[in-house]
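Visitor: Submitted below is the structure of interest, expressed as C-alpha cells.
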Amino acid sequence: MKVTIKYFGMIAETVGKSGEVLDLGPGVSVQKLKDQQTKKYQIADPEAVQIAVNQDLNTNSELKEGDEVAFLPPFAGG
Amino acid sequence: MRYDRQITLDEVGVSGQEKLRNSSVLIVGVGGLGCPAAQYLVGAGVGKIGLMDHDKVSISNLHRQVLYNESDIGKSKALVAHEKLQQLNSEIEIVAIEEALSTENAEKLFSQYDLILDGTDNFETKYLINDACILADKPWVYASIYKNEGQLSVFNYQDGPSYRCLFPKITRQNVSCEATGVLGVVPGIFGMFQAMEALKIILGVGNVLLGKLKLSNLLTGSEQILKLQKREEEIEKIKREGIIPVKIECKINDASKLYLDIREIFEQPRVTSEKVIQIPMSVLDERLWEIPKEEEVFVFCQSGKRSKKVVELLKAEFGYENLKNVEGGIETIISNS
C-alpha cells in the first residue's frame with residue numbers, strides 16, 4: 001500500500017526533503033505512521049505536529065492506498 | 001474620487017464602500033505581516049484601524065517592514081505607522097496603541113473592533129488573541145511564517161474552528177523570523193492575504209478561509225488548502241475558564257553554567273532558571289551590581305549581537321573580565337524538547 005507523505009515547515013528541514021512515497025503494510029493507522037516517522041527522523045515535539053490525510057485534518061482512521069498524508073508543525077513567525 | 005477603482009467592482013459598489021467605512025479592524029503587531037495589511041486596509045477605506053505594537057523600529061526590520069524608514073529607527077512602531085498611514089488616508093480614524101497585548105487588556109480592546117488581524121510572531125500572543133476573540137466573540141485573521149512558508153486562516157468566524165482547534169497541543173518550539181531568517185516578501189504577501197480575508201469578511205463577499213488552512217510555500221510554489229477540524233471542547237473550555245495564558249519556557253541545555261539574559265522582558269522565549277540572571281539592557285546601568293565578577297558568566301540576547309556589545313562594554317568600562325558572549329543568541333543554548 002503506497003502513501004505519499006508531505007512535510008511542512010521545520011519538519012521538512014529535519015527530514016531533509018519535502019515529501020516521500022512510502023510502501024506500507026495493510027492496516028496502518030494514521031497515528032502509527034506518525035509515530036513511525038517522528039521516531040525515524042527524530043522530529044521535535046511530535047505531540048504538537050498535526051496530521052492531515054487527503055487535505056483533511058480530521059483524521060483517525062486507517063490509511064488506504066494512494067492517501068496523501070501531511071505532517072504539519074505549528075510555527076509562529078511574522 | 002478616492003475609492004472609484006474599487007467601487008466599480010460588483011463586489012464593492014457604493015454599499016460596500018459604506019460597509020468599509022463603518023467597519024473597524026485591530027491589527028495586533030505592526031511588523032512584517034501587520035505593515036502591509038495595514039497599508040492596504042487604510043487604502044481601502046476601513047473606517048477605523050487600531051495599530052497595536054509595543055516594539056520600536058530597528059534596522060533589521062526594514063527589509064520586510066517597508067512602511068518604515070531609516071529615520072524611524074528607535075521610534076515606536078505604532079506611532080510611526082499611525083503618522084504615515086494617516087497621510088495615506090486622512091478620512092479614516094487610526095488609533096495607535098503602544099502596548100503589548102495582555103490577558104488584562106485583550107478582551108476589552110477586542111470588543112471595540114469588528115475583527116482582529118494577527119500580525120504577531122509568537123505562540124503566546126496567538127493563543128492570547130484566540131482566547132480573547134472567543135470571549136469577545138470576534139473573528140480573527142491568522143497568519144504565520146516559517147522561512148518561505150506560510151499558514152493562513154480565519155478563526156472564530158461564523159461558528160467555525162479556533163486556533164486551539166488547529167493546534168490544541170502547545171508547542172515548545174518558538175522560533176521567530178528574527179531567529180530563522182526570512183525574505184521580506186514572504187510576510188509581505190501573507191499580510192496582504194490577511195487584508196484580503198478581512199475585506200471579504202467586511203464586504204460579505206467571496207469565499208472566506210473559514211474552517212480551512214491555506215499552506216503556501218513561496219519558494220517552491222506549492223500550495224494546499226487543508227480542512228480544519230472543529231474541536232468544541234477547546235472552545236467551550238475558553239468560554240468556561242476565560243483566557244488560558246500560554247507561557248512557553250525553555251530549558252537551558254547546560255545548566256552548570258551561569259547566564260546573563262540582557263533581553264527586554266517581552267522578548268520570547270523566556271528562560272526561567274536560577275542559573276539565569278535577567279537584566280534587560282535598558283536597565284543594565286542600574287543593576288550592574290547583580291552581575292558577579294568572580295565566576296564565568298555567559299551573556300546572551302536574541303541573536304548574539306547586543307550581548308557581544310554588552311560584553312565588550314562591561315569589560316572596557318567596568319572591568320568585567322569574566323563575561324563570555326553566546327554566539328547565535330538564545331536559540332543556541334536552549335533545548336526545544
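In the C-alpha cells, chains take letters A, B, ... by order of appearance, with residues numbered from 1 within each chain and ligands from 1 in the order shown.
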Quick one: DSSP alpha helix (DSSP H) residues in stretch 20-68 of chain A, as a PyMOL selection string?

Guide: chain A and resi 30-41

Visitor: Could you list, with a cut-off of 6 Å and counting only C-alpha atoms, the residues of chain A near chain B, each shown with its nearest atom pair and the distance in Å rounded to one decimal, rows sorted by chain and ascending number, as a tab-separated table?

Guide:
residue	atom	partner	partner_atom	distance
A:Ala48	CA	B:Lys169	CA	5.0
A:Gln55	CA	B:Leu226	CA	4.4
A:Asp56	CA	B:Lys227	CA	4.6
A:Leu57	CA	B:Leu228	CA	5.4
A:Asn58	CA	B:Gln229	CA	5.1
A:Ala76	CA	B:Ser144	CA	4.9
A:Gly77	CA	B:Asp121	CA	4.4
A:Gly78	CA	B:Asp121	CA	4.5

Visitor: With N, CA and C atoms kept, could you save the residues just selected as an mmCIF file, in the first residue's frame?

Guide:
data_model
loop_
_atom_site.group_PDB
_atom_site.id
_atom_site.type_symbol
_atom_site.label_atom_id
_atom_site.label_comp_id
_atom_site.auth_asym_id
_atom_site.auth_seq_id
_atom_site.Cartn_x
_atom_site.Cartn_y
_atom_site.Cartn_z
ATOM 1 N N ALA A 48 2.793 18.145 19.152
ATOM 2 C CA ALA A 48 2.243 19.382 18.589
ATOM 3 C C ALA A 48 2.043 19.281 17.079
ATOM 4 N N GLN A 55 -5.816 16.203 2.637
ATOM 5 C CA GLN A 55 -6.144 17.614 2.920
ATOM 6 C C GLN A 55 -7.210 17.785 3.989
ATOM 7 N N ASP A 56 -7.364 16.803 4.843
ATOM 8 C CA ASP A 56 -8.336 16.934 5.927
ATOM 9 C C ASP A 56 -7.661 16.644 7.265
ATOM 10 N N LEU A 57 -7.737 17.629 8.181
ATOM 11 C CA LEU A 57 -7.088 17.472 9.492
ATOM 12 C C LEU A 57 -7.915 16.628 10.457
ATOM 13 N N ASN A 58 -9.135 16.305 10.061
ATOM 14 C CA ASN A 58 -9.973 15.445 10.900
ATOM 15 C C ASN A 58 -9.716 13.979 10.514
ATOM 16 N N ALA A 76 5.229 30.236 14.149
ATOM 17 C CA ALA A 76 4.584 31.486 14.581
ATOM 18 C C ALA A 76 5.287 32.734 14.056
ATOM 19 N N GLY A 77 6.152 32.602 13.073
ATOM 20 C CA GLY A 77 6.908 33.756 12.612
ATOM 21 C C GLY A 77 6.041 34.812 11.941
ATOM 22 N N GLY A 78 6.568 36.014 11.893
ATOM 23 C CA GLY A 78 5.833 37.091 11.246
ATOM 24 C C GLY A 78 6.752 38.281 11.217
#

Visitor: Which is closer to B:Asn156 than all the others in B:Ile334, B:Leu88, B:Met192, B:Ile235, using only C-alpha atoms?

Guide: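 Among B:Ile334, B:Leu88, B:Met192, B:Ile235, it is B:Ile235 that comes nearest to B:Asn156.
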
Visitor: List the neighbours of B:Ile252 out to 12 Å using only C-alpha atoms; skip same-chain residues closer than 5 positions along the sequence, and give me the result as a PyMOL selection string.

Guide: chain B and resi 257-259+261+269-276+298+300+330-337

Visitor: Where in stretch 97-292 of chain B does DSSP assign strand (DSSP E or B), given as JSON, numbers by chain?

Guide: {"B": [97, 115, 116, 117, 118, 140, 141, 142, 143, 144, 145, 146, 149, 150, 151, 152, 153, 154, 155, 210, 212, 213, 214, 215, 216, 217, 223, 224, 225, 226, 227, 249, 250, 251, 252, 258, 259, 260, 261, 270, 271, 276, 277, 278]}

Visitor: Store the residues picked out above in a file with C-alpha atoms, as a PDB file, in the first residue's frame.

Guide:
ATOM      1  CA  ILE B  97      -1.777  51.578  20.816  1.00  0.00           C
ATOM      2  CA  LEU B 115     -12.321  41.956  13.599  1.00  0.00           C
ATOM      3  CA  ILE B 116      -8.755  41.290  14.653  1.00  0.00           C
ATOM      4  CA  LEU B 117      -5.810  40.827  12.320  1.00  0.00           C
ATOM      5  CA  ASP B 118      -2.908  38.857  13.742  1.00  0.00           C
ATOM      6  CA  TRP B 140      -9.619  36.934  13.575  1.00  0.00           C
ATOM      7  CA  VAL B 141      -7.405  36.561  10.553  1.00  0.00           C
ATOM      8  CA  TYR B 142      -4.379  34.417  11.305  1.00  0.00           C
ATOM      9  CA  ALA B 143      -1.048  34.106   9.527  1.00  0.00           C
ATOM     10  CA  SER B 144       2.302  32.609  10.437  1.00  0.00           C
ATOM     11  CA  ILE B 145       5.563  32.397   8.580  1.00  0.00           C
ATOM     12  CA  TYR B 146       8.405  29.930   8.675  1.00  0.00           C
ATOM     13  CA  GLU B 149       6.314  29.005   4.023  1.00  0.00           C
ATOM     14  CA  GLY B 150       3.159  30.487   5.430  1.00  0.00           C
ATOM     15  CA  GLN B 151      -0.110  29.439   7.037  1.00  0.00           C
ATOM     16  CA  LEU B 152      -3.309  31.450   6.691  1.00  0.00           C
ATOM     17  CA  SER B 153      -6.795  31.038   8.127  1.00  0.00           C
ATOM     18  CA  VAL B 154      -9.789  32.812   9.627  1.00  0.00           C
ATOM     19  CA  PHE B 155     -10.743  31.697  13.117  1.00  0.00           C
ATOM     20  CA  LEU B 210     -13.373  29.616   7.180  1.00  0.00           C
ATOM     21  CA  LYS B 212      -9.714  25.943   6.165  1.00  0.00           C
ATOM     22  CA  LEU B 213      -5.984  26.415   6.468  1.00  0.00           C
ATOM     23  CA  LYS B 214      -4.062  27.649   3.476  1.00  0.00           C
ATOM     24  CA  LEU B 215      -0.460  26.480   3.281  1.00  0.00           C
ATOM     25  CA  SER B 216       1.817  28.067   0.779  1.00  0.00           C
ATOM     26  CA  ASN B 217       5.496  27.679   0.057  1.00  0.00           C
ATOM     27  CA  GLU B 223       0.059  25.276  -2.183  1.00  0.00           C
ATOM     28  CA  GLN B 224      -2.536  23.314  -0.244  1.00  0.00           C
ATOM     29  CA  ILE B 225      -5.791  24.057   1.476  1.00  0.00           C
ATOM     30  CA  LEU B 226      -6.486  21.773   4.431  1.00  0.00           C
ATOM     31  CA  LYS B 227      -9.872  21.231   6.015  1.00  0.00           C
ATOM     32  CA  GLU B 249       9.535  28.377  28.743  1.00  0.00           C
ATOM     33  CA  CYS B 250      12.672  26.745  27.590  1.00  0.00           C
ATOM     34  CA  LYS B 251      15.323  24.890  29.464  1.00  0.00           C
ATOM     35  CA  ILE B 252      18.996  25.713  29.290  1.00  0.00           C
ATOM     36  CA  LEU B 258      25.782  30.863  34.880  1.00  0.00           C
ATOM     37  CA  TYR B 259      23.986  33.075  32.370  1.00  0.00           C
ATOM     38  CA  LEU B 260      23.026  36.721  31.983  1.00  0.00           C
ATOM     39  CA  ASP B 261      19.928  37.378  29.833  1.00  0.00           C
ATOM     40  CA  ARG B 270      11.667  33.255  28.220  1.00  0.00           C
ATOM     41  CA  VAL B 271      14.061  31.126  30.162  1.00  0.00           C
ATOM     42  CA  VAL B 276      19.933  32.810  34.603  1.00  0.00           C
ATOM     43  CA  ILE B 277      20.239  36.403  35.797  1.00  0.00           C
ATOM     44  CA  GLN B 278      17.735  38.537  33.922  1.00  0.00           C
TER      45      GLN B 278
END

Visitor: Excluding stretch 19-34 of chain A and residues on its chain fewer than 6 positions from it, collect all residues at most 7 Å away from it, counting only C-alpha atoms, and give them as a list in words.

Guide: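 Residues meeting the cut-off are Met1, Lys2, Val3, Thr4, Ile5, Lys6, Tyr7, Asn60, Ser61, Glu62 and Leu63 of chain A.
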
Visitor: Write out, as a compact mmCIF listing (two decimals), in the first residue's frame, the residues just selected, with N, CA and C atoms.

Guide:
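That gives us selection35.txt:
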# COMPACT_ATOMS: atom_id res chain seq x y z
N MET A 1 0.84 -1.20 0.00
CA MET A 1 0.00 0.00 0.00
C MET A 1 0.88 1.25 0.00
N LYS A 2 0.72 2.05 -1.06
CA LYS A 2 1.57 3.24 -1.15
C LYS A 2 0.85 4.50 -0.68
N VAL A 3 1.55 5.27 0.15
CA VAL A 3 1.01 6.57 0.54
C VAL A 3 2.07 7.64 0.29
N THR A 4 1.59 8.84 -0.01
CA THR A 4 2.50 9.96 -0.24
C THR A 4 2.53 10.83 1.00
N ILE A 5 3.73 11.12 1.47
CA ILE A 5 3.85 11.97 2.65
C ILE A 5 4.40 13.33 2.24
N LYS A 6 3.83 14.37 2.82
CA LYS A 6 4.36 15.73 2.60
C LYS A 6 4.76 16.32 3.93
N TYR A 7 5.94 16.91 3.97
CA TYR A 7 6.45 17.52 5.20
C TYR A 7 6.44 19.04 5.07
N ASN A 60 -8.59 9.97 11.95
CA ASN A 60 -8.15 8.98 12.93
C ASN A 60 -8.38 7.56 12.44
N SER A 61 -8.59 7.47 11.15
CA SER A 61 -8.89 6.15 10.59
C SER A 61 -7.62 5.47 10.10
N GLU A 62 -7.79 4.33 9.46
CA GLU A 62 -6.66 3.62 8.86
C GLU A 62 -6.37 4.22 7.50
N LEU A 63 -5.11 4.11 7.13
CA LEU A 63 -4.71 4.64 5.82
C LEU A 63 -5.08 3.65 4.73

Visitor: Take atom CA of B:Ile49 and atom CA of B:Glu99 and report the distance between them in Å, one decimal.

Guide: 15.4 Å

Visitor: Can you tell me which residues surround B:Leu101 at a distance of at most 12 Å, considering only C-alpha atoms, apart from same-chain residues fewer than 6 positions away, and format the answer as a list of chain:residue names?

Guide: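 So the residues in contact are B:Leu26, B:Ile27, B:Val28, B:Gly29, B:Leu51, B:Met52, B:Asp53, B:His54, B:Asp55, B:Glu107, B:Lys108, B:Leu109, B:Phe110, B:Asp118, B:Gly119, B:Thr120, B:Asn122, B:Glu124, B:Thr125, B:Lys126, B:Tyr127, B:Leu128, B:Ile129, B:Asn130, B:Ala132, B:Pro245, B:Phe266.
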
Visitor: To one decimal in Å, tell me the separation between atom CA of B:Val311 and atom CA of B:Lys324.

Guide: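 Atom-to-atom, atom CA of B:Val311 and atom CA of B:Lys324 are spaced 6.7 Å apart.
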
Visitor: Neighbouring residues of B:Asp137 were defined as those with any atom within 8 Å, considering only C-alpha atoms; residues of the same chain fewer than 3 positions away were excluded. Please report them as a PyMOL selection string.

Guide: chain B and resi 111+133-134+156

Visitor: Take the residues from that selection and write them out as an mmCIF file, in the first residue's frame, keeping N, CA and C atoms.

Guide:
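The resulting again-v9.cif:
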data_model
loop_
_atom_site.group_PDB
_atom_site.id
_atom_site.type_symbol
_atom_site.label_atom_id
_atom_site.label_comp_id
_atom_site.auth_asym_id
_atom_site.auth_seq_id
_atom_site.Cartn_x
_atom_site.Cartn_y
_atom_site.Cartn_z
ATOM 1 N N SER B 111 -13.268 44.093 22.012
ATOM 2 C CA SER B 111 -14.700 44.381 21.941
ATOM 3 C C SER B 111 -14.971 45.709 21.215
ATOM 4 N N CYS B 133 -10.585 36.498 21.413
ATOM 5 C CA CYS B 133 -11.576 36.574 20.333
ATOM 6 C C CYS B 133 -12.785 35.698 20.643
ATOM 7 N N ILE B 134 -12.548 34.533 21.258
ATOM 8 C CA ILE B 134 -13.668 33.674 21.644
ATOM 9 C C ILE B 134 -14.532 34.410 22.676
ATOM 10 N N ASN B 156 -12.654 31.605 14.533
ATOM 11 C CA ASN B 156 -13.758 32.129 15.355
ATOM 12 C C ASN B 156 -14.745 32.964 14.549
#
